[in-house]
>>> print(open('coords35.txt').read())   # compact mmCIF, C-alpha atoms
# COMPACT_ATOMS: atom_id res chain seq x y z
CA MET A 437 105.42 99.21 142.53
CA THR A 438 103.18 97.28 144.94
CA GLU A 439 101.46 93.94 144.52
CA SER A 440 98.10 95.67 144.24
CA GLU A 441 99.14 97.09 140.88
CA PHE A 442 98.63 95.38 137.57
CA THR A 443 101.33 96.09 135.01
CA LEU A 444 100.52 96.07 131.32
CA SER A 445 102.93 94.31 129.04
CA SER A 446 105.27 97.08 127.86
CA PHE A 447 106.90 97.41 124.45
CA THR A 448 109.91 99.19 123.02
CA VAL A 449 110.15 101.22 119.83
CA THR A 450 113.05 102.79 117.98
CA PRO A 451 111.43 105.41 115.74
CA ASP A 452 113.86 106.12 112.91
CA GLU A 453 113.69 108.90 110.32
CA VAL A 454 111.70 106.65 107.98
CA GLN A 455 108.94 106.12 110.56
CA LEU A 456 108.92 109.81 111.50
CA PHE A 457 108.60 110.74 107.83
CA GLN A 458 105.72 108.29 107.39
CA PHE A 459 104.00 109.60 110.52
CA SER A 460 104.38 113.24 109.43
CA ALA A 461 103.05 112.31 105.98
CA ALA A 462 100.11 110.31 107.36
CA THR A 463 99.15 113.12 109.74
CA GLY A 464 99.73 115.84 107.13
CA ASN A 465 102.08 117.58 109.54
CA PRO A 466 104.60 119.77 107.66
CA HIS A 467 106.47 120.94 110.81
CA ARG A 468 110.11 120.66 109.78
CA ILE A 469 111.52 119.68 113.20
CA HIS A 470 109.96 116.24 112.65
CA TYR A 471 111.75 115.36 109.37
CA ASP A 472 114.36 118.01 108.50
CA ALA A 473 117.47 117.35 110.62
CA PRO A 474 119.54 120.41 109.53
CA PHE A 475 116.58 122.69 110.35
CA ALA A 476 115.83 120.97 113.67
CA ILE A 477 119.47 121.22 114.78
CA ALA A 478 120.68 124.54 113.33
CA VAL A 479 117.53 126.65 113.59
CA GLU A 480 115.56 125.24 116.52
CA ARG A 481 118.56 123.89 118.46
CA HIS A 482 117.30 120.35 118.92
CA ARG A 483 119.66 117.37 119.13
CA GLY A 484 118.09 115.78 116.07
CA VAL A 485 114.76 115.13 114.38
CA VAL A 486 112.09 115.43 117.08
CA VAL A 487 109.65 112.58 117.77
CA PRO A 488 106.16 114.14 117.52
CA GLY A 489 104.12 114.21 120.74
CA PRO A 490 101.06 112.64 119.04
CA LEU A 491 103.18 109.61 118.08
CA MET A 492 103.86 109.02 121.77
CA GLY A 493 100.14 109.43 122.50
CA SER A 494 99.46 106.92 119.70
CA TRP A 495 101.79 104.36 121.33
CA MET A 496 100.06 104.86 124.68
CA LEU A 497 96.71 104.15 123.08
CA LEU A 498 98.12 101.06 121.31
CA LEU A 499 99.46 99.72 124.61
CA VAL A 500 96.11 100.26 126.31
CA GLU A 501 94.12 98.80 123.41
CA ARG A 502 96.22 95.61 123.46
CA SER A 503 95.38 95.13 127.14
CA LEU A 504 91.60 95.50 126.80
CA GLU A 505 89.11 92.65 127.17
CA VAL A 506 86.46 92.26 124.47
CA GLY A 507 83.86 95.01 124.92
CA ASP A 508 86.13 97.35 126.92
CA THR A 509 86.62 100.80 125.44
CA ILE A 510 88.98 103.72 125.99
CA ARG A 511 86.96 106.72 127.19
CA SER A 512 89.77 109.29 127.26
CA LEU A 513 93.49 109.91 127.23
CA THR A 514 95.34 112.84 128.77
CA TYR A 515 99.07 113.16 128.16
CA ARG A 516 101.84 115.71 128.47
CA ASN A 517 105.31 115.82 126.93
CA LEU A 518 108.04 116.28 129.54
CA ARG A 519 111.20 115.98 127.44
CA SER A 520 112.02 115.71 123.76
CA ALA A 521 112.94 112.42 122.10
CA PHE A 522 114.87 112.16 118.86
CA ALA A 523 114.97 109.84 115.87
CA GLY A 524 117.01 106.73 116.54
CA GLU A 525 116.43 106.65 120.30
CA THR A 526 115.02 103.48 121.80
CA LEU A 527 111.92 104.28 123.84
CA SER A 528 109.69 102.08 125.95
CA VAL A 529 105.98 102.41 126.58
CA HIS A 530 104.64 101.38 130.00
CA GLY A 531 101.25 101.17 131.66
CA ARG A 532 99.95 100.13 135.05
CA THR A 533 96.71 100.16 136.90
CA GLU A 534 96.02 99.98 140.62
CA ALA A 535 93.73 97.35 142.09
CA ASP A 536 91.39 99.89 143.66
CA ASP A 537 90.99 101.84 140.40
CA PRO A 538 90.95 99.43 137.43
CA SER A 539 89.37 102.04 135.16
CA THR A 540 92.48 104.27 135.13
CA ILE A 541 95.71 103.28 133.40
CA ARG A 542 98.80 105.31 134.20
CA LEU A 543 101.10 105.57 131.19
CA GLU A 544 104.68 106.55 130.55
CA VAL A 545 107.07 106.68 127.63
CA ARG A 546 110.66 106.33 128.90
CA ASN A 547 113.95 106.88 127.10
CA ALA A 548 117.10 104.74 127.23
CA SER A 549 118.31 106.73 130.28
CA ASP A 550 115.05 105.66 132.00
CA GLU A 551 113.77 109.23 132.05
CA CYS A 552 110.01 109.72 131.65
CA ILE A 553 109.56 111.80 128.50
CA CYS A 554 105.78 111.57 128.18
CA GLN A 555 103.23 110.88 130.91
CA GLY A 556 99.55 110.11 130.57
CA ASP A 557 96.37 108.67 132.03
CA ALA A 558 93.77 106.68 130.15
CA ALA A 559 90.21 106.16 131.38
CA ILE A 560 88.70 102.79 130.50
CA GLU A 561 85.11 101.68 130.43
CA ARG A 562 85.10 98.03 131.52
CA MET A 563 82.43 95.74 130.14
CA ALA A 564 82.73 93.56 133.28
CA ALA A 565 82.08 96.57 135.52
CA LEU A 566 78.99 97.46 133.49
CA ARG A 567 77.62 93.91 133.78
CA SER A 568 78.18 93.68 137.52
CA GLY A 569 77.03 97.28 138.09
CA MET B 1352 106.37 140.19 133.23
CA THR B 1353 107.01 140.95 129.57
CA THR B 1354 104.10 139.98 127.42
CA LEU B 1355 104.46 137.91 124.26
CA LEU B 1356 101.09 139.13 123.00
CA LEU B 1357 100.84 141.94 120.47
CA ASP B 1358 98.03 144.49 120.10
CA GLY B 1359 94.66 142.95 119.38
CA ALA B 1360 95.66 139.45 120.48
CA ARG B 1361 93.05 139.30 123.24
CA GLU B 1362 90.30 139.76 120.66
CA TRP B 1363 91.21 136.33 119.29
CA LEU B 1364 89.89 134.59 122.38
CA GLY B 1365 86.77 132.61 121.47
CA ARG B 1366 87.47 132.55 117.73
CA SER B 1367 86.29 129.40 116.04
CA THR B 1368 86.92 127.77 112.66
CA SER B 1369 85.40 124.73 110.96
CA PHE B 1370 87.45 122.89 108.35
CA GLN B 1371 86.33 121.00 105.24
CA PRO B 1372 84.97 117.52 106.08
CA TRP B 1373 87.79 114.95 106.24
CA ASP B 1374 87.23 111.66 104.41
CA ALA B 1375 88.34 108.92 106.77
CA SER B 1376 88.90 106.50 103.90
CA ALA B 1377 90.16 102.94 104.28
CA THR B 1378 93.44 104.00 102.66
CA ASP B 1379 93.89 106.97 104.99
CA ILE B 1380 93.24 104.78 108.04
CA ARG B 1381 95.66 102.09 106.81
CA ARG B 1382 98.36 104.66 106.17
CA PHE B 1383 98.05 106.09 109.67
CA ALA B 1384 97.94 102.64 111.31
CA HIS B 1385 101.10 101.70 109.40
CA SER B 1386 102.88 104.89 110.52
CA ILE B 1387 102.37 104.26 114.25
CA GLY B 1388 103.41 100.60 113.99
CA ALA B 1389 99.92 99.12 114.52
CA THR B 1390 99.58 95.57 113.24
CA ASP B 1391 96.02 94.55 114.19
CA PRO B 1392 94.25 93.46 110.95
CA VAL B 1393 91.09 95.40 111.97
CA HIS B 1394 92.95 98.56 110.85
CA PHE B 1395 93.93 97.11 107.45
CA ASP B 1396 91.42 94.52 106.29
CA SER B 1397 87.63 94.99 105.97
CA ASP B 1398 86.86 91.30 106.55
CA ALA B 1399 88.91 91.19 109.75
CA ALA B 1400 87.18 94.37 110.95
CA ARG B 1401 83.73 92.92 110.22
CA ARG B 1402 84.60 89.69 112.01
CA ALA B 1403 85.50 91.84 115.03
CA GLY B 1404 82.08 93.52 114.89
CA TYR B 1405 82.91 96.78 113.11
CA PRO B 1406 81.02 97.91 109.98
CA ASP B 1407 84.34 98.41 108.11
CA ILE B 1408 88.05 99.05 108.75
CA VAL B 1409 88.30 100.76 112.15
CA ALA B 1410 90.78 103.55 112.82
CA PRO B 1411 93.27 103.33 115.68
CA TYR B 1412 92.08 105.53 118.57
CA ALA B 1413 94.80 108.08 117.76
CA TYR B 1414 93.59 108.60 114.17
CA TYR B 1415 91.92 111.92 115.11
CA THR B 1416 95.45 113.45 115.13
CA VAL B 1417 95.49 113.05 111.33
CA ILE B 1418 92.60 115.50 111.11
CA ARG B 1419 94.00 117.75 113.84
CA HIS B 1420 97.25 118.32 111.91
CA GLY B 1421 96.09 117.65 108.38
CA ALA B 1422 93.08 119.94 108.14
CA PRO B 1423 94.61 123.23 109.42
CA ASN B 1424 97.82 122.74 107.39
CA LEU B 1425 96.01 122.14 104.10
CA VAL B 1426 96.53 125.71 102.88
CA ALA B 1427 98.40 127.20 99.93
CA LEU B 1428 102.06 126.16 100.16
CA SER B 1429 103.01 129.85 100.10
CA ASP B 1430 101.06 130.29 103.36
CA LEU B 1431 103.22 127.81 105.27
CA ALA B 1432 105.81 129.52 107.49
CA ASP B 1433 109.58 128.85 107.43
CA ASP B 1434 109.16 126.10 110.04
CA GLY B 1435 106.67 124.40 107.71
CA VAL B 1436 103.41 124.97 109.54
CA ALA B 1437 100.33 127.07 108.86
CA GLU B 1438 99.50 129.96 111.16
CA ASP B 1439 96.56 127.92 112.52
CA MET B 1440 94.78 130.31 114.87
CA VAL B 1441 97.80 131.77 116.62
CA PRO B 1442 97.01 135.34 117.77
CA PRO B 1443 99.47 138.17 117.09
CA THR B 1444 102.57 137.37 119.17
CA THR B 1445 106.32 137.86 119.28
CA ALA B 1446 106.77 134.14 120.12
CA THR B 1447 107.98 132.08 117.19
CA ARG B 1448 108.54 128.55 118.49
CA ARG B 1449 105.70 126.18 119.23
CA MET B 1450 105.57 123.04 121.34
CA ALA B 1451 102.79 120.68 122.27
CA GLY B 1452 101.54 120.92 125.85
CA GLU B 1453 98.94 118.78 127.59
CA THR B 1454 96.21 117.26 125.49
CA THR B 1455 93.05 115.42 126.55
CA ALA B 1456 91.04 113.45 124.02
CA THR B 1457 87.63 111.99 124.83
CA PHE B 1458 86.50 109.17 122.56
CA VAL B 1459 82.77 109.02 121.94
CA ARG B 1460 82.80 106.36 119.23
CA ARG B 1461 85.33 104.63 116.95
CA ILE B 1462 86.02 106.19 113.54
CA VAL B 1463 85.46 103.70 110.71
CA ALA B 1464 86.23 103.81 106.99
CA GLY B 1465 83.65 105.95 105.21
CA ASP B 1466 83.17 108.48 107.98
CA LYS B 1467 83.35 112.16 107.07
CA ILE B 1468 84.70 114.08 110.03
CA THR B 1469 84.35 117.82 110.46
CA LEU B 1470 86.77 119.50 112.84
CA THR B 1471 85.70 122.68 114.59
CA LYS B 1472 88.48 124.39 116.48
CA THR B 1473 88.02 127.16 119.04
CA LEU B 1474 90.70 129.22 120.75
CA SER B 1475 89.34 128.86 124.28
CA GLY B 1476 92.22 129.98 126.46
CA MET B 1477 95.17 132.40 126.38
CA ASP B 1478 97.55 132.55 129.35
CA GLU B 1479 101.09 133.70 129.91
CA LYS B 1480 103.52 132.37 132.48
CA ALA B 1481 107.22 132.53 133.31
CA GLY B 1482 109.16 129.54 132.02
CA ARG B 1483 112.70 128.44 132.91
CA SER B 1484 114.12 130.14 129.80
CA GLY B 1485 111.75 133.10 129.47
CA PRO B 1486 108.07 133.89 129.15
CA LEU B 1487 105.66 131.31 127.73
CA LEU B 1488 102.34 131.79 125.99
CA LEU B 1489 99.83 128.98 126.57
CA LEU B 1490 97.07 128.73 123.99
CA THR B 1491 94.22 126.34 124.73
CA TYR B 1492 92.16 124.99 121.86
CA THR B 1493 88.89 123.10 122.16
CA LEU B 1494 88.40 120.74 119.23
CA ARG B 1495 85.21 119.01 118.22
CA TYR B 1496 85.33 116.16 115.72
CA ALA B 1497 81.82 115.52 114.41
CA ASP B 1498 80.61 112.87 111.96
CA GLN B 1499 78.38 113.13 108.86
CA ASP B 1500 75.31 113.22 111.17
CA ASP B 1501 76.82 116.06 113.24
CA ARG B 1502 77.37 113.74 116.19
CA ASP B 1503 80.53 113.99 118.28
CA VAL B 1504 83.12 111.33 117.56
CA VAL B 1505 86.07 112.79 119.50
CA ARG B 1506 86.37 115.86 121.70
CA GLU B 1507 89.77 117.27 122.52
CA GLN B 1508 91.41 119.98 124.55
CA PHE B 1509 94.91 120.84 123.39
CA VAL B 1510 97.44 123.30 124.81
CA ARG B 1511 100.02 124.86 122.51
CA ILE B 1512 103.05 126.32 124.25
CA MET B 1513 104.77 129.23 122.47
CA ARG B 1514 108.03 130.91 123.32
>>> encode(input="coords35.txt", output="structure tokens")
Amino acid sequence: MTESEFTLSSFTVTPDEVQLFQFSAATGNPHRIHYDAPFAIAVERHRGVVVPGPLMGSWMLLLVERSLEVGDTIRSLTYRNLRSAFAGETLSVHGRTEADDPSTIRLEVRNASDECICQGDAAIERMAALRSG
Amino acid sequence: MTTLLLDGAREWLGRSTSFQPWDASATDIRRFAHSIGATDPVHFDSDAARRAGYPDIVAPYAYYTVIRHGAPNLVALSDLADDGVAEDMVPPTTATRRMAGETTATFVRRIVAGDKITLTKTLSGMDEKAGRSGPLLLLTYTLRYADQDDRDVVREQFVRIMR
């Protein structure tokens, strides 16, 4: 990380089975790997209840939104899941932007072993840039 | 390379479905905001949202995922597969397990309480490639989320990986 980069204030989350149930319910997602541990482990060979990809995307968007100045908006988010995460794991959500490209935020969700499990890029429309442009 | 696609699968390319309009109610937005751990009062309280310049409670950016999962899975319970999910525009294939691949969402405007959002989903891509543990089928969907005035609210491209 160089001095030209600006790092967003990261946060950690420990999604437990209660949160994953609430998220599956709120998103109307009946996929059993996200709430049914015996099914996730015995049938689909996961290590536990799987954290849904869209929940990681939701955390990325929360991190970005908390960093915005009044009037800034998120134009887009692209993200890809690299590894699975499971209920009970502590995960951290990180973002950084480079000085020469303040409209792009590079995002990562990392697990307790410091492996990147989800990687993304958000495009921001900056009010300040619009005013000066 | 062995194909995962069965006869007639290619004909599915370009198929499109629109779902019943989704009521983005204040309660639905609050419930989603709660589930992702959001705490900003603009997602929970109309007065706070109005003070921040929104016409009513504003949805977190990620709220569109409620419609993406909720609408296609709202079928008869007997039509949900053993893994819990609806078939949801998967062409005939021998692959049985599904994972989420890359997704790109473009936000045109914020969703606020009272919006009625219609999702139109198109199967826009079908590719096969060799994965580390066998062949993979990559299905690309183009999703349009339009409001009550038929204006785009969110546009999304989503890749489903099947094996």
>>> closest_atom_pairs(input="coords35.txt", of="chain B", to="chain A", cutoff="7 Å", atoms="only C-alpha atoms", output="JSON lines")
{"residue": "B:Arg1382", "atom": "CA", "partner": "A:Ala462", "partner_atom": "CA", "distance": 6.0}
{"residue": "B:Phe1383", "atom": "CA", "partner": "A:Ala462", "partner_atom": "CA", "distance": 5.2}
{"residue": "B:Ser1386", "atom": "CA", "partner": "A:Phe459", "partner_atom": "CA", "distance": 4.8}
{"residue": "B:Ile1387", "atom": "CA", "partner": "A:Leu491", "partner_atom": "CA", "distance": 6.6}
{"residue": "B:Tyr1412", "atom": "CA", "partner": "A:Leu497", "partner_atom": "CA", "distance": 6.6}
{"residue": "B:Ala1413", "atom": "CA", "partner": "A:Ser494", "partner_atom": "CA", "distance": 5.2}
{"residue": "B:Thr1416", "atom": "CA", "partner": "A:Thr463", "partner_atom": "CA", "distance": 6.5}
{"residue": "B:Val1417", "atom": "CA", "partner": "A:Thr463", "partner_atom": "CA", "distance": 4.0}
{"residue": "B:His1420", "atom": "CA", "partner": "A:Asn465", "partner_atom": "CA", "distance": 5.4}
{"residue": "B:Gly1421", "atom": "CA", "partner": "A:Gly464", "partner_atom": "CA", "distance": 4.3}
{"residue": "B:Asp1434", "atom": "CA", "partner": "A:Arg468", "partner_atom": "CA", "distance": 5.5}
{"residue": "B:Gly1435", "atom": "CA", "partner": "A:His467", "partner_atom": "CA", "distance": 4.6}
{"residue": "B:Val1436", "atom": "CA", "partner": "A:His467", "partner_atom": "CA", "distance": 5.2}
{"residue": "B:Ala1451", "atom": "CA", "partner": "A:Gly489", "partner_atom": "CA", "distance": 6.8}
{"residue": "B:Gly1452", "atom": "CA", "partner": "A:Arg516", "partner_atom": "CA", "distance": 5.8}
{"residue": "B:Glu1453", "atom": "CA", "partner": "A:Arg516", "partner_atom": "CA", "distance": 4.3}
{"residue": "B:Thr1454", "atom": "CA", "partner": "A:Thr514", "partner_atom": "CA", "distance": 5.6}
{"residue": "B:Thr1455", "atom": "CA", "partner": "A:Thr514", "partner_atom": "CA", "distance": 4.1}
{"residue": "B:Ala1456", "atom": "CA", "partner": "A:Leu513", "partner_atom": "CA", "distance": 5.4}
{"residue": "B:Thr1457", "atom": "CA", "partner": "A:Ser512", "partner_atom": "CA", "distance": 4.2}
{"residue": "B:Phe1458", "atom": "CA", "partner": "A:Arg511", "partner_atom": "CA", "distance": 5.3}
>>> write_last_selection(input="coords35.txt", atoms="C-alpha atoms", output="PDB file, keeping the file's coordinate frame")
ATOM      1  CA  ARG B1382      98.360 104.660 106.170  1.00  0.00           C
ATOM      2  CA  PHE B1383      98.050 106.090 109.670  1.00  0.00           C
ATOM      3  CA  SER B1386     102.880 104.890 110.520  1.00  0.00           C
ATOM      4  CA  ILE B1387     102.370 104.260 114.250  1.00  0.00           C
ATOM      5  CA  TYR B1412      92.080 105.530 118.570  1.00  0.00           C
ATOM      6  CA  ALA B1413      94.800 108.080 117.760  1.00  0.00           C
ATOM      7  CA  THR B1416      95.450 113.450 115.130  1.00  0.00           C
ATOM      8  CA  VAL B1417      95.490 113.050 111.330  1.00  0.00           C
ATOM      9  CA  HIS B1420      97.250 118.320 111.910  1.00  0.00           C
ATOM     10  CA  GLY B1421      96.090 117.650 108.380  1.00  0.00           C
ATOM     11  CA  ASP B1434     109.160 126.100 110.040  1.00  0.00           C
ATOM     12  CA  GLY B1435     106.670 124.400 107.710  1.00  0.00           C
ATOM     13  CA  VAL B1436     103.410 124.970 109.540  1.00  0.00           C
ATOM     14  CA  ALA B1451     102.790 120.680 122.270  1.00  0.00           C
ATOM     15  CA  GLY B1452     101.540 120.920 125.850  1.00  0.00           C
ATOM     16  CA  GLU B1453      98.940 118.780 127.590  1.00  0.00           C
ATOM     17  CA  THR B1454      96.210 117.260 125.490  1.00  0.00           C
ATOM     18  CA  THR B1455      93.050 115.420 126.550  1.00  0.00           C
ATOM     19  CA  ALA B1456      91.040 113.450 124.020  1.00  0.00           C
ATOM     20  CA  THR B1457      87.630 111.990 124.830  1.00  0.00           C
ATOM     21  CA  PHE B1458      86.500 109.170 122.560  1.00  0.00           C
TER      22      PHE B1458
END
>>> closest_residue(input="coords35.txt", among="A:Glu561, A:Ala535, A:Leu499, A:Arg483", to="Ala1389 in chain B", atoms="all atoms listed in the file")
A:Leu499
>>> atom_distance(input="coords35.txt", atom1="CA of Trp1363 in chain B", atom2="CA of Leu1487 in chain B")
17.5 Å
>>> atom_distance(input="coords35.txt", atom1="CA of Asp1391 in chain B", atom2="CA of Ile1468 in chain B")
23.0 Å
>>> atom_distance(input="coords35.txt", atom1="CA of Gln1499 in chain B", atom2="CA of Asp1374 in chain B")
10.0 Å
>>> residues_around(input="coords35.txt", residues="Asp1500 in chain B", least_positions_apart="6", cutoff="12 Å", atoms="all atoms listed in the file", output="PyMOL selection string")
chain B and resi 1372+1466-1469
>>> closest_atom_pairs(input="coords35.txt", of="range 494-534 of chain A", to="range 541-549 of chain A", cutoff="9 Å", atoms="all atoms listed in the file", output="CSV")
residue,atom,partner,partner_atom,distance
A:Trp495,CA,A:Val545,CA,8.5
A:Met496,CA,A:Leu543,CA,6.6
A:Leu499,CA,A:Leu543,CA,9.0
A:Val500,CA,A:Ile541,CA,7.7
A:Tyr515,CA,A:Leu543,CA,8.4
A:Ala521,CA,A:Asn547,CA,7.5
A:Glu525,CA,A:Ala548,CA,7.2
A:Thr526,CA,A:Ala548,CA,5.9
A:Leu527,CA,A:Asn547,CA,4.6
A:Ser528,CA,A:Arg546,CA,5.3
A:Val529,CA,A:Val545,CA,4.5
A:His530,CA,A:Glu544,CA,5.2
A:Gly531,CA,A:Leu543,CA,4.4
A:Arg532,CA,A:Arg542,CA,5.4
A:Thr533,CA,A:Ile541,CA,4.8
A:Glu534,CA,A:Ile541,CA,7.9
>>> residues_around(input="coords35.txt", residues="Lys1480 in chain B", least_positions_apart="5", cutoff="12 Å", atoms="only C-alpha atoms", output="list in words")
Met1352, Thr1353, Thr1354, Leu1355, Leu1356, Gly1485, Pro1486, Leu1487, Leu1488, Leu1489, Leu1490, Ile1512, Met1513 and Arg1514 of chain B
>>> write_last_selection(input="coords35.txt", atoms="C-alpha atoms", output="PDB file, in the coordinates of the input")
ATOM      1  CA  MET B1352     106.370 140.190 133.230  1.00  0.00           C
ATOM      2  CA  THR B1353     107.010 140.950 129.570  1.00  0.00           C
ATOM      3  CA  THR B1354     104.100 139.980 127.420  1.00  0.00           C
ATOM      4  CA  LEU B1355     104.460 137.910 124.260  1.00  0.00           C
ATOM      5  CA  LEU B1356     101.090 139.130 123.000  1.00  0.00           C
ATOM      6  CA  GLY B1485     111.750 133.100 129.470  1.00  0.00           C
ATOM      7  CA  PRO B1486     108.070 133.890 129.150  1.00  0.00           C
ATOM      8  CA  LEU B1487     105.660 131.310 127.730  1.00  0.00           C
ATOM      9  CA  LEU B1488     102.340 131.790 125.990  1.00  0.00           C
ATOM     10  CA  LEU B1489      99.830 128.980 126.570  1.00  0.00           C
ATOM     11  CA  LEU B1490      97.070 128.730 123.990  1.00  0.00           C
ATOM     12  CA  ILE B1512     103.050 126.320 124.250  1.00  0.00           C
ATOM     13  CA  MET B1513     104.770 129.230 122.470  1.00  0.00           C
ATOM     14  CA  ARG B1514     108.030 130.910 123.320  1.00  0.00           C
TER      15      ARG B1514
END
>>> closest_atom_pairs(input="coords35.txt", of="range 1447-1468 of chain B", to="range 1393-1405 of chain B", cutoff="12 Å", atoms="only C-alpha atoms", output="CSV")
residue,atom,partner,partner_atom,distance
B:Arg1460,CA,B:Tyr1405,CA,11.4
B:Arg1461,CA,B:Tyr1405,CA,9.1
B:Ile1462,CA,B:Tyr1405,CA,9.9
B:Val1463,CA,B:Tyr1405,CA,7.8
B:Ala1464,CA,B:Ser1397,CA,9.0
B:Gly1465,CA,B:Ser1397,CA,11.7
>>> closest_residue(input="coords35.txt", among="B:Tyr1496, B:Asn1424, B:Arg1448, B:Ala1360", to="Arg481 in chain A", atoms="all atoms listed in the file")
B:Arg1448
